[in-house]
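Read the structure below first, then the notes.
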Amino acid sequence: MSTEPRINERIRVPEVRLVGPNGEQVGIVSIGDALKLAQESDLDLVEVAATARPPVCKLMDYGKFKYESAMKAREARRNQAHTIIKEIKLRPKIDPHDYETKKGHVVRFLKAGDKVKVTIMFRGREQSRPELGFRLLQRLAEDVTELGFVESQPKQDGRNMIMVIGPHKKKAEAKAERAAARARTGDGDPAQDDVSVGADMAGASEPQE
């Protein structure tokens with residue numbers, strides 16, 4: 001079924017509520033008068049609200065409208081970037097140095113516009129102390145609060161406790177900022193930079209104990 005609106009002679013109703021090319025309200029007119037106005041203005045009569053009574057039609061250059069709409073849709077698709085979920089694994093009794101290292105990975109992922117799944121792994125008697133993992137996750141969330149927010153609160157999943165942190169910045173925004181920074185500094189080849197950063201992130205997201 002076509003989603004194209006009816007235009008000009010394809011509009012088969014006795015009268016329409018007419019809107020001018022600049023959004024001005026003309027009022028309810030006969031379809032004959034509306035088509036005549038469109039012809040005199042060298043514009044199309046386009047039905048924009050078919051279910052209204054009477055239907056609402058607008059005077060516009062339909063070819064130009066379709067072209068501009070297609071360009072906007074193409075630009076939106078080009079700027080769209082899929083959010084990737086990275087994963088960091090921690091132990092409840094992680095030492096300070098390892099914690100700072102893992103936090104650094106989380107910071108980098110959030111700056112890149114990626115979500116981070118943080119998993120606390122409990123072993124043996126640690127499973128009877130879930131509060132240790134909960135406090136660790138809370139600490140991490142507070143440490144990166146300027147870059148991200150808790151999208152999924154900590155929850156127990158078998159022997160693990162999981163929390164998801166989402167970035168404040170969208171992927172496309174983060175990508176644009178990195179491109180702007182490279183343009184200001186003139187450092188390196190953008191493609192090479194993306195490859196090296198991606199490789200570094202991939203290594204950081206591997207489970208570490």
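Identifiers for the structure tokens are assigned positionally: chains receive A, B, ... in sequence, residues are indexed from 1 per chain, and ligands are indexed from 1 in the order shown.
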
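Residues with any atom within 9 Å of Lys102 in chain A, counting only C-alpha atoms and excluding same-chain neighbours fewer than 4 positions away, are Ile88, Lys89, Leu90, His97, Asp98, Val106, Val107 and Ala204 of chain A.
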
Selection to disk with C-alpha atoms, as a compact mmCIF listing (two decimals), in the first residue's frame:
```txt
# COMPACT_ATOMS: atom_id res chain seq x y z
CA ILE A 88 34.60 -4.89 32.24
CA LYS A 89 34.94 -7.66 34.84
CA LEU A 90 36.00 -7.00 38.42
CA HIS A 97 45.97 -0.38 41.07
CA ASP A 98 43.76 -2.81 39.18
CA VAL A 106 35.37 2.53 31.58
CA VAL A 107 36.22 6.22 31.19
CA ALA A 204 40.73 -3.66 27.42
```

Practice item. Give me the residues within 8 Å of range 3-19 of chain A as a list in words, counting only C-alpha atoms and dropping any in the same chain fewer than 4 places off. Key: Gly23, Glu24, Gln25, Val26, Gly27, Ile28, Val29, Ser30, Ile31, Ala34, Leu35, Asp44, Leu45, Val46, Glu47, Val48, Pro54, Pro55, Val56, Cys57, Lys58 and Leu59 of chain A

Please produce a file of those selected residues containing all heavy atoms, as a compact mmCIF listing (two decimals), in the first residue's frame.
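Contents of result_9.txt, freshly written:
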```txt
# COMPACT_ATOMS: atom_id res chain seq x y z
N GLY A 23 2.46 28.28 5.41
CA GLY A 23 1.79 27.82 6.62
C GLY A 23 0.57 28.62 7.01
O GLY A 23 -0.05 28.35 8.04
N GLU A 24 0.21 29.62 6.20
CA GLU A 24 -0.94 30.45 6.54
C GLU A 24 -2.25 29.70 6.26
O GLU A 24 -2.35 28.92 5.32
CB GLU A 24 -0.91 31.77 5.74
CG GLU A 24 -1.10 31.64 4.24
CD GLU A 24 0.18 31.34 3.48
OE1 GLU A 24 1.17 30.90 4.12
OE2 GLU A 24 0.20 31.54 2.26
N GLN A 25 -3.24 29.93 7.10
CA GLN A 25 -4.53 29.26 6.97
C GLN A 25 -5.41 30.02 5.95
O GLN A 25 -5.74 31.17 6.17
CB GLN A 25 -5.24 29.21 8.32
CG GLN A 25 -4.52 28.41 9.38
CD GLN A 25 -4.52 26.92 9.10
OE1 GLN A 25 -5.46 26.40 8.49
NE2 GLN A 25 -3.48 26.22 9.54
N VAL A 26 -5.75 29.34 4.86
CA VAL A 26 -6.61 29.94 3.85
C VAL A 26 -8.07 29.70 4.20
O VAL A 26 -8.94 30.55 4.00
CB VAL A 26 -6.29 29.39 2.45
CG1 VAL A 26 -7.23 29.97 1.40
CG2 VAL A 26 -4.83 29.68 2.09
N GLY A 27 -8.37 28.52 4.74
CA GLY A 27 -9.73 28.19 5.12
C GLY A 27 -10.28 27.04 4.29
O GLY A 27 -9.56 26.41 3.51
N ILE A 28 -11.56 26.78 4.45
CA ILE A 28 -12.21 25.68 3.71
C ILE A 28 -12.64 26.20 2.34
O ILE A 28 -13.37 27.20 2.23
CB ILE A 28 -13.42 25.15 4.48
CG1 ILE A 28 -12.96 24.55 5.82
CG2 ILE A 28 -14.16 24.09 3.66
CD1 ILE A 28 -14.10 24.08 6.71
N VAL A 29 -12.14 25.54 1.29
CA VAL A 29 -12.45 25.94 -0.08
C VAL A 29 -12.81 24.69 -0.88
O VAL A 29 -12.50 23.56 -0.48
CB VAL A 29 -11.25 26.66 -0.75
CG1 VAL A 29 -10.87 27.91 0.02
CG2 VAL A 29 -10.04 25.71 -0.84
N SER A 30 -13.47 24.90 -2.00
CA SER A 30 -13.80 23.77 -2.87
C SER A 30 -12.53 23.22 -3.49
O SER A 30 -11.53 23.93 -3.63
CB SER A 30 -14.77 24.20 -3.97
OG SER A 30 -14.12 25.07 -4.89
N ILE A 31 -12.56 21.95 -3.87
CA ILE A 31 -11.38 21.34 -4.46
C ILE A 31 -11.01 22.04 -5.77
O ILE A 31 -9.84 22.18 -6.11
CB ILE A 31 -11.60 19.82 -4.69
CG1 ILE A 31 -10.30 19.15 -5.16
CG2 ILE A 31 -12.73 19.58 -5.67
CD1 ILE A 31 -9.18 19.19 -4.18
N ALA A 34 -9.12 25.18 -4.88
CA ALA A 34 -7.80 24.83 -4.35
C ALA A 34 -6.85 24.47 -5.49
O ALA A 34 -5.69 24.89 -5.51
CB ALA A 34 -7.92 23.68 -3.36
N LEU A 35 -7.34 23.68 -6.45
CA LEU A 35 -6.51 23.30 -7.60
C LEU A 35 -6.17 24.51 -8.46
O LEU A 35 -5.06 24.62 -8.99
CB LEU A 35 -7.23 22.24 -8.43
CG LEU A 35 -7.31 20.84 -7.80
CD1 LEU A 35 -8.27 19.94 -8.58
CD2 LEU A 35 -5.93 20.20 -7.72
N ASP A 44 2.00 22.57 -6.09
CA ASP A 44 1.16 21.37 -6.03
C ASP A 44 0.21 21.48 -4.85
O ASP A 44 0.52 22.11 -3.83
CB ASP A 44 2.02 20.12 -5.86
CG ASP A 44 2.98 19.90 -7.02
OD1 ASP A 44 2.48 19.76 -8.16
OD2 ASP A 44 4.21 19.87 -6.79
N LEU A 45 -0.94 20.85 -5.00
CA LEU A 45 -1.88 20.73 -3.89
C LEU A 45 -1.64 19.35 -3.27
O LEU A 45 -1.85 18.33 -3.91
CB LEU A 45 -3.32 20.85 -4.38
CG LEU A 45 -4.40 20.79 -3.30
CD1 LEU A 45 -4.31 22.02 -2.40
CD2 LEU A 45 -5.79 20.69 -3.93
N VAL A 46 -1.17 19.33 -2.03
CA VAL A 46 -0.77 18.07 -1.38
C VAL A 46 -1.65 17.82 -0.17
O VAL A 46 -1.80 18.69 0.71
CB VAL A 46 0.71 18.11 -0.95
CG1 VAL A 46 1.12 16.78 -0.32
CG2 VAL A 46 1.60 18.43 -2.14
N GLU A 47 -2.22 16.63 -0.10
CA GLU A 47 -3.06 16.25 1.04
C GLU A 47 -2.16 15.84 2.20
O GLU A 47 -1.45 14.84 2.14
CB GLU A 47 -3.96 15.08 0.62
CG GLU A 47 -5.04 14.74 1.62
CD GLU A 47 -5.94 13.61 1.12
OE1 GLU A 47 -5.39 12.53 0.79
OE2 GLU A 47 -7.15 13.82 1.04
N VAL A 48 -2.19 16.63 3.28
CA VAL A 48 -1.29 16.37 4.41
C VAL A 48 -2.00 15.75 5.61
O VAL A 48 -1.36 15.26 6.54
CB VAL A 48 -0.58 17.68 4.85
CG1 VAL A 48 0.34 18.17 3.74
CG2 VAL A 48 -1.59 18.77 5.23
N PRO A 54 -12.99 18.63 6.81
CA PRO A 54 -12.52 18.07 5.54
C PRO A 54 -11.00 17.84 5.59
O PRO A 54 -10.33 18.37 6.47
CB PRO A 54 -12.89 19.16 4.53
CG PRO A 54 -12.80 20.43 5.32
CD PRO A 54 -13.30 20.09 6.70
N PRO A 55 -10.46 17.06 4.62
CA PRO A 55 -9.02 16.81 4.59
C PRO A 55 -8.23 18.12 4.48
O PRO A 55 -8.70 19.09 3.89
CB PRO A 55 -8.85 15.97 3.32
CG PRO A 55 -10.17 15.35 3.09
CD PRO A 55 -11.18 16.36 3.54
N VAL A 56 -7.04 18.11 5.11
CA VAL A 56 -6.18 19.29 5.08
C VAL A 56 -5.20 19.15 3.92
O VAL A 56 -4.55 18.11 3.77
CB VAL A 56 -5.41 19.47 6.40
CG1 VAL A 56 -4.51 20.70 6.34
CG2 VAL A 56 -6.38 19.57 7.57
N CYS A 57 -5.13 20.18 3.09
CA CYS A 57 -4.21 20.19 1.96
C CYS A 57 -3.32 21.43 2.04
O CYS A 57 -3.73 22.47 2.54
CB CYS A 57 -4.97 20.18 0.64
SG CYS A 57 -5.90 18.66 0.35
N LYS A 58 -2.11 21.28 1.51
CA LYS A 58 -1.17 22.40 1.54
C LYS A 58 -0.61 22.65 0.15
O LYS A 58 -0.38 21.72 -0.62
CB LYS A 58 -0.02 22.10 2.51
CG LYS A 58 0.96 23.25 2.68
CD LYS A 58 2.01 22.95 3.74
CE LYS A 58 2.95 24.14 3.90
NZ LYS A 58 3.99 23.90 4.93
N LEU A 59 -0.40 23.94 -0.14
CA LEU A 59 0.24 24.32 -1.39
C LEU A 59 1.74 24.26 -1.21
O LEU A 59 2.30 24.87 -0.28
CB LEU A 59 -0.18 25.75 -1.77
CG LEU A 59 -1.67 25.97 -2.09
CD1 LEU A 59 -1.94 27.45 -2.28
CD2 LEU A 59 -2.08 25.18 -3.32
```

Check your understanding: What lies within 10 Å of Gln138 in chain A using only C-alpha atoms, ignoring chain neighbours under 6 positions off, as JSON, numbers by chain?
Key -> {"A": [150, 153, 154, 163]}

Convert the current residue selection to file output with C-alpha atoms, as a CSV table (one decimal), in the first residue's frame.
```
chain,number,residue,atom,x,y,z
A,150,VAL,CA,23.6,4.1,35.7
A,153,GLN,CA,21.0,-0.8,38.5
A,154,PRO,CA,23.2,-3.6,40.0
A,163,MET,CA,25.4,-3.1,36.3
```

Practice item. Extract the full set of alpha helix (DSSP H) residues from chain A according to DSSP on the backbone, and format it as a PyMOL selection string. Key: chain A and resi 31-40+62-79+96-111+130-143+171-185+190-204

Check your understanding: If you measure from CA of Glu142 in chain A to CA of Val116 in chain A, what distance in Å do you get, rounded to one decimal?
Key -> 14.2 Å

Exercise for review: Could you give me the residues within range 2-109 of chain A that DSSP places in strand (DSSP E), as number ranges by chain?
Suggested key: A: 15-19, 25-30, 44-49, 56-60, 85-90

Practice item. Write out as a list in words the residues lying within 9 Å of Ile84 in chain A, counting only C-alpha atoms and excluding same-chain residues fewer than 3 positions away. Key: Gly113, Asp114, Lys115, Val116 and Lys171 of chain A

Could you dump the residues just selected with all heavy atoms as a short mmCIF file (atom, residue, chain, number, x, y, z; two decimals), in the first residue's frame?
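Saved file part00.cif follows:
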```cif
data_model
loop_
_atom_site.label_atom_id
_atom_site.label_comp_id
_atom_site.auth_asym_id
_atom_site.auth_seq_id
_atom_site.Cartn_x
_atom_site.Cartn_y
_atom_site.Cartn_z
N GLY A 113 31.35 7.10 23.66
CA GLY A 113 29.92 6.98 23.44
C GLY A 113 29.39 5.57 23.57
O GLY A 113 28.27 5.28 23.13
N ASP A 114 30.17 4.66 24.16
CA ASP A 114 29.75 3.27 24.31
C ASP A 114 29.18 3.01 25.71
O ASP A 114 29.60 3.62 26.69
CB ASP A 114 30.92 2.32 24.07
CG ASP A 114 31.44 2.40 22.65
OD1 ASP A 114 30.61 2.52 21.74
OD2 ASP A 114 32.67 2.34 22.46
N LYS A 115 28.26 2.06 25.78
CA LYS A 115 27.77 1.61 27.07
C LYS A 115 28.79 0.64 27.68
O LYS A 115 29.56 0.02 26.95
CB LYS A 115 26.43 0.88 26.92
CG LYS A 115 25.29 1.75 26.46
CD LYS A 115 23.99 0.94 26.41
CE LYS A 115 22.84 1.78 25.90
NZ LYS A 115 21.57 1.01 25.88
N VAL A 116 28.76 0.54 28.98
CA VAL A 116 29.69 -0.38 29.66
C VAL A 116 28.91 -1.30 30.59
O VAL A 116 28.18 -0.84 31.46
CB VAL A 116 30.75 0.39 30.47
CG1 VAL A 116 31.77 -0.60 31.06
CG2 VAL A 116 31.47 1.42 29.60
N LYS A 171 26.94 8.35 20.59
CA LYS A 171 28.07 7.87 19.80
C LYS A 171 28.46 8.88 18.73
O LYS A 171 29.64 9.17 18.53
CB LYS A 171 27.69 6.53 19.15
CG LYS A 171 28.83 5.84 18.43
CD LYS A 171 29.71 5.09 19.38
CE LYS A 171 30.71 4.23 18.64
NZ LYS A 171 31.63 3.54 19.55
#
```

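Residues lying within 8 Å of Ile165 in chain A, counting only C-alpha atoms and ignoring same-chain neighbours fewer than 3 positions away, are Lys115, Val116, Lys117, Val118, Ala141, Gly148, Phe149, Val150, Glu151 and Ser152 of chain A.
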
Check your understanding: So how far away is CA of Glu40 in chain A from CA of Asn22 in chain A, in Å?
Key -> 15.8 Å
